[in-house]
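Coordinates as given in model04.cif (mmCIF, C-alpha atoms):
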```cif
data_start
#
loop_
_atom_site.label_atom_id
_atom_site.label_comp_id
_atom_site.auth_asym_id
_atom_site.auth_seq_id
_atom_site.Cartn_x
_atom_site.Cartn_y
_atom_site.Cartn_z
CA MET A 21 21.98 14.62 44.07
CA ARG A 22 19.98 16.28 46.85
CA GLU A 23 20.57 19.71 45.31
CA HIS A 24 19.16 18.59 41.97
CA SER A 25 15.80 17.06 42.81
CA LEU A 26 14.58 16.95 39.19
CA TYR A 27 17.70 15.10 38.12
CA ARG A 28 17.31 12.72 41.07
CA TYR A 29 13.73 11.86 40.10
CA ALA A 30 14.78 11.35 36.47
CA TRP A 31 17.70 9.12 37.52
CA TYR A 32 15.60 6.90 39.77
CA GLY A 33 12.79 6.81 37.22
CA VAL A 34 15.08 5.68 34.40
CA ASN A 35 16.65 3.04 36.65
CA GLY A 36 13.21 1.75 37.52
CA LEU A 37 12.28 1.56 33.85
CA VAL A 38 15.52 -0.29 33.06
CA LEU A 39 14.71 -2.92 35.68
CA LEU A 40 11.14 -3.25 34.37
CA ALA A 41 12.39 -3.58 30.78
CA ILE A 42 14.85 -6.30 31.82
CA VAL A 43 12.04 -8.23 33.53
CA LEU A 44 9.88 -7.91 30.40
CA ALA A 45 12.79 -9.03 28.21
CA LEU A 46 13.39 -12.12 30.37
CA TYR A 47 9.67 -12.92 30.30
CA SER A 48 9.47 -12.52 26.52
CA MET A 49 12.56 -14.68 25.99
CA GLY A 50 10.95 -17.44 28.05
CA TRP A 51 7.69 -17.05 26.13
CA GLU A 52 9.50 -17.31 22.79
CA TYR A 53 11.57 -20.28 23.98
CA PHE A 54 8.53 -22.31 25.00
CA THR A 55 6.65 -21.28 21.83
CA ARG A 56 9.57 -22.52 19.73
CA ARG A 57 9.67 -25.80 21.64
CA TYR A 58 5.93 -26.28 21.13
CA LEU A 59 6.15 -25.58 17.40
CA LYS A 60 9.25 -27.76 17.02
CA GLY A 61 7.35 -30.67 18.55
CA PHE A 62 4.59 -30.21 15.97
CA SER A 63 6.94 -29.90 13.02
CA ASP A 64 9.07 -32.88 14.10
CA ALA A 65 5.92 -35.02 14.26
CA ILE A 66 4.62 -34.16 10.79
CA VAL A 67 7.61 -33.08 8.68
CA PRO A 68 10.26 -35.62 7.55
CA ILE A 69 13.63 -34.11 8.51
CA SER A 70 15.55 -35.51 5.54
CA ALA A 71 12.87 -34.79 2.92
CA PRO A 72 13.43 -32.16 0.20
CA PRO A 73 11.70 -28.79 0.68
CA GLU A 74 8.68 -29.50 -1.54
CA GLU A 75 7.93 -32.70 0.38
CA LYS A 76 8.21 -30.81 3.66
CA ILE A 77 5.77 -28.19 2.39
CA GLN A 78 3.33 -30.87 1.23
CA ALA A 79 3.62 -32.69 4.57
CA ILE A 80 2.51 -29.52 6.40
CA LEU A 81 -0.38 -28.94 3.99
CA THR A 82 -1.50 -32.56 4.26
CA TRP A 83 -1.48 -32.35 8.05
CA MET A 84 -3.51 -29.13 7.91
CA ALA A 85 -6.09 -30.83 5.70
CA HIS A 86 -6.21 -34.31 7.20
CA GLY A 87 -4.36 -34.13 10.52
CA PRO A 88 -5.58 -35.47 13.88
CA ALA A 89 -8.94 -34.29 15.18
CA ARG A 90 -8.89 -30.71 16.44
CA GLN A 91 -11.40 -28.58 18.30
CA MET A 92 -14.05 -27.52 15.82
CA GLU A 93 -15.02 -24.20 17.39
CA GLY A 94 -12.64 -21.24 17.35
CA PRO A 95 -11.17 -19.76 20.55
CA ASP A 96 -12.90 -16.93 22.37
CA GLY A 97 -12.08 -13.28 21.71
CA SER A 98 -9.52 -13.13 24.51
CA THR A 99 -7.05 -15.28 22.57
CA PRO A 100 -4.22 -13.28 20.92
CA ASP A 101 -4.61 -13.11 17.14
CA ARG A 102 -0.94 -13.92 16.56
CA ASP A 103 -0.50 -16.73 19.06
CA PRO A 104 0.76 -19.55 16.78
CA ASN A 105 -0.34 -22.23 19.26
CA GLU A 106 -4.03 -21.56 18.66
CA PRO A 107 -4.43 -22.15 14.88
CA LEU A 108 -2.76 -25.55 15.27
CA ASN A 109 -5.48 -26.71 17.65
CA TYR A 110 -8.67 -25.27 16.16
CA HIS A 111 -10.22 -26.59 12.97
CA ALA A 112 -12.12 -23.33 12.42
CA LEU A 113 -8.94 -21.24 12.44
CA LEU A 114 -7.28 -23.46 9.82
CA GLN A 115 -10.17 -22.64 7.47
CA VAL A 116 -9.38 -18.89 7.52
CA CYS A 117 -6.63 -17.69 5.20
CA GLY A 118 -4.92 -15.45 7.76
CA SER A 119 -4.69 -17.96 10.61
CA ALA A 120 -4.00 -20.86 8.22
CA THR A 121 -1.05 -18.92 6.81
CA ASN A 122 0.06 -18.10 10.36
CA ALA A 123 0.12 -21.82 11.22
CA PHE A 124 1.91 -22.74 8.00
CA ILE A 125 4.65 -20.10 8.34
CA ASN A 126 5.37 -21.03 11.95
CA LEU A 127 5.57 -24.75 11.16
CA ALA A 128 7.72 -24.10 8.09
CA ASP A 129 10.09 -21.99 10.19
CA SER A 130 10.28 -24.74 12.82
CA ALA A 131 11.10 -27.23 10.06
CA GLY A 132 14.07 -25.13 8.98
CA MET A 133 12.52 -23.45 5.92
CA GLU A 134 12.35 -19.76 5.04
CA ALA A 135 8.72 -18.72 4.66
CA ARG A 136 6.96 -15.39 4.42
CA ARG A 137 3.38 -14.29 3.96
CA VAL A 138 1.95 -12.65 0.86
CA LEU A 139 -1.00 -10.26 1.09
CA LEU A 140 -3.11 -10.08 -2.06
CA LEU A 141 -4.40 -6.52 -2.27
CA ASP A 142 -7.26 -4.83 -4.09
CA SER A 143 -7.09 -1.41 -5.75
CA GLN A 144 -7.60 0.26 -2.35
CA ARG A 145 -4.64 -1.73 -0.95
CA SER A 146 -6.93 -3.68 1.37
CA ALA A 147 -6.06 -7.35 1.85
CA LYS A 148 -8.48 -9.71 0.10
CA HIS A 149 -6.54 -12.94 0.71
CA VAL A 150 -3.36 -14.17 2.39
CA SER A 151 -1.02 -16.84 1.07
CA ALA A 152 2.64 -17.69 1.61
CA GLU A 153 5.98 -18.00 -0.14
CA VAL A 154 8.66 -20.56 0.70
CA ARG A 155 12.27 -20.34 -0.42
CA VAL A 156 13.24 -23.45 -2.36
CA ASP A 157 16.81 -23.26 -3.64
CA THR A 158 16.92 -19.76 -5.14
CA ARG A 159 13.19 -19.34 -5.83
CA TRP A 160 10.31 -18.19 -3.63
CA ILE A 161 7.46 -20.52 -4.59
CA VAL A 162 3.84 -19.70 -3.76
CA VAL A 163 1.87 -21.86 -1.32
CA ASP A 164 -1.78 -21.24 -0.43
CA PRO A 165 -2.31 -22.72 3.06
CA ALA A 166 -6.04 -21.94 3.08
CA PHE A 167 -6.55 -24.17 0.02
CA ARG A 168 -3.72 -26.57 1.02
CA VAL A 169 -1.93 -26.32 -2.33
CA ILE A 170 1.38 -25.41 -3.90
CA LEU A 171 0.51 -23.36 -6.98
CA ARG A 172 1.99 -25.07 -10.03
CA GLY A 173 2.22 -24.39 -13.74
CA THR A 174 1.03 -26.67 -16.53
CA ASP A 175 4.43 -28.37 -16.46
CA GLY A 176 3.95 -29.28 -12.78
CA LYS A 177 6.67 -26.97 -11.51
CA PRO A 178 5.94 -24.63 -8.57
CA LEU A 179 5.26 -21.04 -9.53
CA THR A 180 6.63 -17.80 -8.13
CA ARG A 181 4.66 -14.66 -7.32
CA GLU A 182 6.15 -12.92 -10.37
CA GLN A 183 4.97 -15.73 -12.66
CA LEU A 184 1.46 -15.63 -11.16
CA LYS A 185 1.10 -11.98 -12.15
CA ASP A 186 0.51 -13.30 -15.69
CA PRO A 187 -3.31 -13.79 -15.91
CA ALA A 188 -2.98 -16.85 -18.17
CA ILE A 189 -0.53 -18.60 -15.85
CA PHE A 190 -2.64 -17.67 -12.81
CA ALA A 191 -5.84 -19.00 -14.43
CA ALA A 192 -4.16 -22.29 -15.35
CA ALA A 193 -2.69 -22.71 -11.84
CA THR A 194 -5.98 -22.12 -9.99
CA ARG A 195 -8.69 -23.51 -12.28
CA ASP A 196 -8.68 -26.98 -10.67
CA ILE A 197 -8.70 -25.70 -7.06
CA PRO A 198 -12.23 -26.20 -5.69
CA GLY A 199 -13.85 -22.97 -4.53
CA TYR A 200 -10.91 -20.75 -5.49
CA ASP A 201 -11.99 -17.14 -6.08
CA SER A 202 -10.50 -15.69 -9.26
CA ASN A 203 -10.26 -12.32 -7.48
CA TYR A 204 -7.42 -13.78 -5.40
CA ASN A 205 -4.91 -12.79 -8.05
CA TYR A 206 -1.30 -11.64 -7.67
CA GLY A 207 -1.52 -8.34 -9.55
CA LEU A 208 -0.90 -6.27 -6.41
CA THR A 209 0.82 -7.82 -3.39
CA ALA A 210 2.74 -6.93 -0.24
CA HIS A 211 4.38 -8.79 2.63
CA ILE A 212 3.55 -6.23 5.32
CA ARG A 213 0.62 -3.81 4.95
CA LEU A 214 1.61 -0.68 6.82
CA GLU A 215 -1.31 1.23 5.35
CA ARG A 216 -3.50 -0.22 8.12
CA LEU A 217 -1.67 2.17 10.50
CA SER A 218 -3.69 5.03 9.01
CA ILE A 219 -1.85 8.31 8.41
CA VAL A 220 1.53 7.06 9.67
CA GLY A 221 1.54 3.92 7.51
CA ARG A 222 2.59 5.42 4.18
CA PRO A 223 5.29 7.77 5.58
CA LEU A 224 6.64 4.84 7.62
CA ARG A 225 6.86 2.66 4.52
CA VAL A 226 8.68 5.43 2.61
CA ALA A 227 11.14 5.83 5.49
CA LEU A 228 11.79 2.10 5.80
CA ASP A 229 12.18 1.67 2.04
CA GLY A 230 14.74 4.47 2.05
CA MET A 231 16.75 3.27 5.06
CA LEU A 232 16.36 -0.50 4.65
CA PRO A 233 15.64 -1.43 1.01
CA GLY A 234 13.95 -4.82 0.81
CA TRP A 235 13.08 -4.83 4.53
CA GLU A 236 9.68 -6.47 4.03
CA ASP A 237 11.07 -9.25 1.82
CA SER A 238 12.80 -10.88 4.78
CA ALA A 239 11.30 -14.06 6.25
CA THR A 240 12.16 -12.66 9.68
CA THR A 241 9.92 -9.64 9.05
CA SER A 242 7.01 -11.97 8.28
CA LEU A 243 7.76 -13.98 11.40
CA LEU A 244 7.48 -10.77 13.45
CA ALA A 245 3.98 -10.32 12.07
CA GLU A 246 3.02 -13.96 12.54
CA ARG A 247 4.45 -14.75 16.00
CA GLU A 248 3.50 -12.47 18.87
CA SER A 249 6.12 -13.89 21.25
CA PHE A 250 8.95 -13.21 18.77
CA ALA A 251 7.77 -9.64 18.16
CA PHE A 252 7.39 -8.98 21.89
CA MET A 253 10.89 -10.34 22.56
CA LEU A 254 12.46 -8.11 19.91
CA VAL A 255 10.61 -5.01 21.11
CA SER A 256 11.52 -5.65 24.76
CA LEU A 257 15.20 -6.19 23.93
CA CYS A 258 15.25 -2.96 21.90
CA LEU A 259 13.60 -1.21 24.85
CA VAL A 260 16.33 -2.48 27.19
CA VAL A 261 19.05 -1.19 24.86
CA PHE A 262 17.32 2.19 24.49
CA LEU A 263 16.86 2.65 28.24
CA MET A 264 20.42 1.58 28.98
CA LEU A 265 21.70 4.20 26.52
CA LEU A 266 19.38 6.76 28.14
CA ARG A 267 20.77 5.83 31.54
CA VAL A 268 24.36 6.23 30.33
CA SER A 269 23.49 9.61 28.80
CA LEU A 270 21.79 10.74 32.00
CA ARG A 271 24.81 9.71 34.07
CA TRP A 272 27.14 11.59 31.70
CA TYR A 273 24.97 14.71 31.94
CA GLY A 274 24.92 14.56 35.73
CA GLU A 275 28.67 14.11 36.08
CA LYS A 276 29.77 16.59 33.41
CA ARG A 277 27.13 19.32 33.64
CA LEU A 278 25.72 19.13 37.17
CA GLY A 279 28.73 17.83 39.05
CA VAL A 280 26.81 14.96 40.64
CA ARG A 281 27.99 11.37 40.68
CA PRO A 282 25.24 8.75 41.05
CA LEU A 283 26.31 5.49 42.64
CA ARG A 284 27.17 2.77 40.17
CA VAL A 285 25.46 -0.59 40.38
CA ARG A 286 28.67 -2.36 41.40
CA GLU A 287 29.17 0.18 44.19
CA LEU A 288 25.66 -0.45 45.48
CA ILE A 289 26.28 -4.21 45.38
CA SER A 290 29.62 -3.76 47.14
CA ARG A 291 28.02 -1.64 49.88
CA ALA A 292 25.22 -4.13 50.37
CA PHE A 293 27.73 -7.00 50.56
CA HIS A 294 29.88 -5.25 53.13
CA ALA A 295 26.85 -4.25 55.16
CA PHE A 296 25.77 -7.88 55.26
CA VAL A 297 29.25 -9.24 56.06
CA ASP A 298 30.12 -6.61 58.64
CA THR A 299 26.83 -6.85 60.51
CA PRO A 300 27.43 -8.45 63.92
CA TRP A 301 25.27 -11.45 64.61
#
```
Could the structure of this file be written out as structure tokens, please?
Amino acid sequence: MREHSLYRYAWYGVNGLVLLAIVLALYSMGWEYFTRRYLKGFSDAIVPISAPPEEKIQAILTWMAHGPARQMEGPDGSTPDRDPNEPLNYHALLQVCGSATNAFINLADSAGMEARRVLLLDSQRSAKHVSAEVRVDTRWIVVDPAFRVILRGTDGKPLTREQLKDPAIFAAATRDIPGYDSNYNYGLTAHIRLERLSIVGRPLRVALDGMLPGWEDSATTSLLAERESFAFMLVSLCLVVFLMLLRVSLRWYGEKRLGVRPLRVRELISRAFHAFVDTPW
């Protein structure tokens, strides 16, 4: 190791990054655990466990509209945009389509339902409104958390996004919703808008569509966008795996190409143990 100073620095650097990544992963797992517990407490209080899915959805919407008193003002700018704890406690945030959908999706997930967001896009693929879809049996029905409604047809049955693409069906479903903007139509939609990432957004979407068809249709993908703790946990765990593989590769290179043999973790632990045991007191 002493003869290969560059390799030594790389080895110690990678080991340091592995330890840091493990600490971040443990922190993120704790963050996600306590976030889940907080959300579960909310959902258990407002959603009947044995109720059918539509009743669970309506229970969440009713709570959002008429729940216990919440702080009227929104949080300051230092609050994370995707912290699901905040929209549940601020009246102002539950009036905005993005944060209202965030609150709904997190509560629906905690109540055991599959939910995902739906971005309603204009011709420039900019989001003009955000609603949600919930899986009921084999159908993804549309729920608009900002307006506290399940969109239904003239027969009273919940509608899907595909059905709402029909202008006549859309007009009939939204005409009795007070203040609903007719521009919030379902002609062009997405679950995740990668175009906001500027020049890398479109190539990234093409790559993901090619490697993982239907990747953005997953409720888990929406949850990554709606819950910061969950996204951070996944990223940190992936970072741990990547750095561990890098460490293994670096060890292989040192042993096979440079003829050096870095100490293994168990050897370091063994040496430390023996040093402690064998030290005269």
**OP:** With the file shown as input, list the residues that the PyMOL selection byres ((chain A and resi 41) around 10) selects, as a ChimeraX atom specification.
**Re:** /A:35-40,42-47,255-264
**OP:** Might you pull out every residue within 12 Å of Ala251 (chain A), with all atoms listed in the file counted and same-chain residues fewer than 2 positions away left off, and present them as a list in words?
**Re:** Ala45, Ser48, Met49, Trp51, Glu52, Arg102, Asp103, Thr240, Thr241, Ser242, Leu243, Leu244, Ala245, Glu246, Arg247, Glu248, Ser249, Met253, Leu254, Val255, Ser256, Leu257 and Cys258 of chain A
**OP:** Would you mind telling me which residue in A:Arg213, A:Arg159, A:His149, A:Lys276 lies nearest to Arg225 (chain A) when using only C-alpha atoms?
**Re:**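 With only C-alpha atoms as the atom set, the closest residue is A:Arg213.
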Around all the atoms of region 128-136 of chain A listed in the file, with 4 Å of room on each side, what axis-aligned box do you get, giving centre and edge lengths in Å to one decimal, as lines of an AutoDock Vina configuration file?
```
center_x = 10.5
center_y = -21.3
center_z = 8.6
size_x = 15.1
size_y = 19.8
size_z = 16.4
```
Please evaluate the PyMOL selection byres ((chain A and resi 144) around 12) against the displayed coordinates and give the resulting residues as a CSV table (one decimal) with C-alpha atoms, keeping the file's coordinate frame.
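Output saved as expr.csv:
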```csv
chain,number,residue,atom,x,y,z
A,140,LEU,CA,-3.1,-10.1,-2.1
A,141,LEU,CA,-4.4,-6.5,-2.3
A,142,ASP,CA,-7.3,-4.8,-4.1
A,143,SER,CA,-7.1,-1.4,-5.8
A,145,ARG,CA,-4.6,-1.7,-1.0
A,146,SER,CA,-6.9,-3.7,1.4
A,147,ALA,CA,-6.1,-7.4,1.8
A,148,LYS,CA,-8.5,-9.7,0.1
A,208,LEU,CA,-0.9,-6.3,-6.4
A,209,THR,CA,0.8,-7.8,-3.4
A,213,ARG,CA,0.6,-3.8,5.0
A,215,GLU,CA,-1.3,1.2,5.4
A,216,ARG,CA,-3.5,-0.2,8.1
```
Original post:
Any idea what's packed within 12 Å of Tyr206 (chain A), counting all atoms listed in the file, ignoring anything in its chain fewer than 5 positions away? Could you give it as JSON, numbers by chain?
Top reply: {"A": [138, 139, 140, 141, 142, 143, 147, 148, 149, 150, 151, 152, 162, 171, 179, 180, 181, 182, 183, 184, 185, 186, 187, 188, 189, 190, 191, 193, 194]}
Save the residues we just selected, C-alpha atoms, as a JSON list (two decimals), keeping the file's coordinate frame?
```
[["chain", "number", "residue", "atom", "x", "y", "z"],
["A", 138, "VAL", "CA", 1.95, -12.65, 0.86],
["A", 139, "LEU", "CA", -1.00, -10.26, 1.09],
["A", 140, "LEU", "CA", -3.11, -10.08, -2.06],
["A", 141, "LEU", "CA", -4.40, -6.52, -2.27],
["A", 142, "ASP", "CA", -7.26, -4.83, -4.09],
["A", 143, "SER", "CA", -7.09, -1.41, -5.75],
["A", 147, "ALA", "CA", -6.06, -7.35, 1.85],
["A", 148, "LYS", "CA", -8.48, -9.71, 0.10],
["A", 149, "HIS", "CA", -6.54, -12.94, 0.71],
["A", 150, "VAL", "CA", -3.36, -14.17, 2.39],
["A", 151, "SER", "CA", -1.02, -16.84, 1.07],
["A", 152, "ALA", "CA", 2.64, -17.69, 1.61],
["A", 162, "VAL", "CA", 3.84, -19.70, -3.76],
["A", 171, "LEU", "CA", 0.51, -23.36, -6.98],
["A", 179, "LEU", "CA", 5.26, -21.04, -9.53],
["A", 180, "THR", "CA", 6.63, -17.80, -8.13],
["A", 181, "ARG", "CA", 4.66, -14.66, -7.32],
["A", 182, "GLU", "CA", 6.15, -12.92, -10.37],
["A", 183, "GLN", "CA", 4.97, -15.73, -12.66],
["A", 184, "LEU", "CA", 1.46, -15.63, -11.16],
["A", 185, "LYS", "CA", 1.10, -11.98, -12.15],
["A", 186, "ASP", "CA", 0.51, -13.30, -15.69],
["A", 187, "PRO", "CA", -3.31, -13.79, -15.91],
["A", 188, "ALA", "CA", -2.98, -16.85, -18.17],
["A", 189, "ILE", "CA", -0.53, -18.60, -15.85],
["A", 190, "PHE", "CA", -2.64, -17.67, -12.81],
["A", 191, "ALA", "CA", -5.84, -19.00, -14.43],
["A", 193, "ALA", "CA", -2.69, -22.71, -11.84],
["A", 194, "THR", "CA", -5.98, -22.12, -9.99]]
```
Original post:
Can you list, as a PyMOL selection string, the residues that the PyMOL selection byres ((chain A and resi 238) around 12) selects here?
Top reply: chain A and resi 134-138+153-155+160+210-212+232-237+239-245
Subject >> Within 9 Å of file point (-8.8, -23.3, -0.7), counting only C-alpha atoms, expressed as a ChimeraX atom specification >> reply: /A:115,117,164-169,197-201
Original post:
How many Å lie between CA of Ile170 (chain A) and CA of Glu74 (chain A), rounded to one decimal?
Top reply: 8.7 Å
Original post:
By how many Å are CA of Gly176 (chain A) and CA of Ala192 (chain A) apart?
Top reply: 11.0 Å
**OP:** Find the residue from A:Leu59, A:Ala131, A:Ala123, A:Thr174 that sits nearest to Ala71 (chain A); use only C-alpha atoms when measuring.
**Re:** A:Ala131
**OP:** Using CA of Arg57 (chain A) and CA of Ile77 (chain A) as the two end points, give the distance in Å to one decimal.
**Re:**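 Atom-to-atom, CA of Arg57 (chain A) to CA of Ile77 (chain A), that is 19.8 Å.
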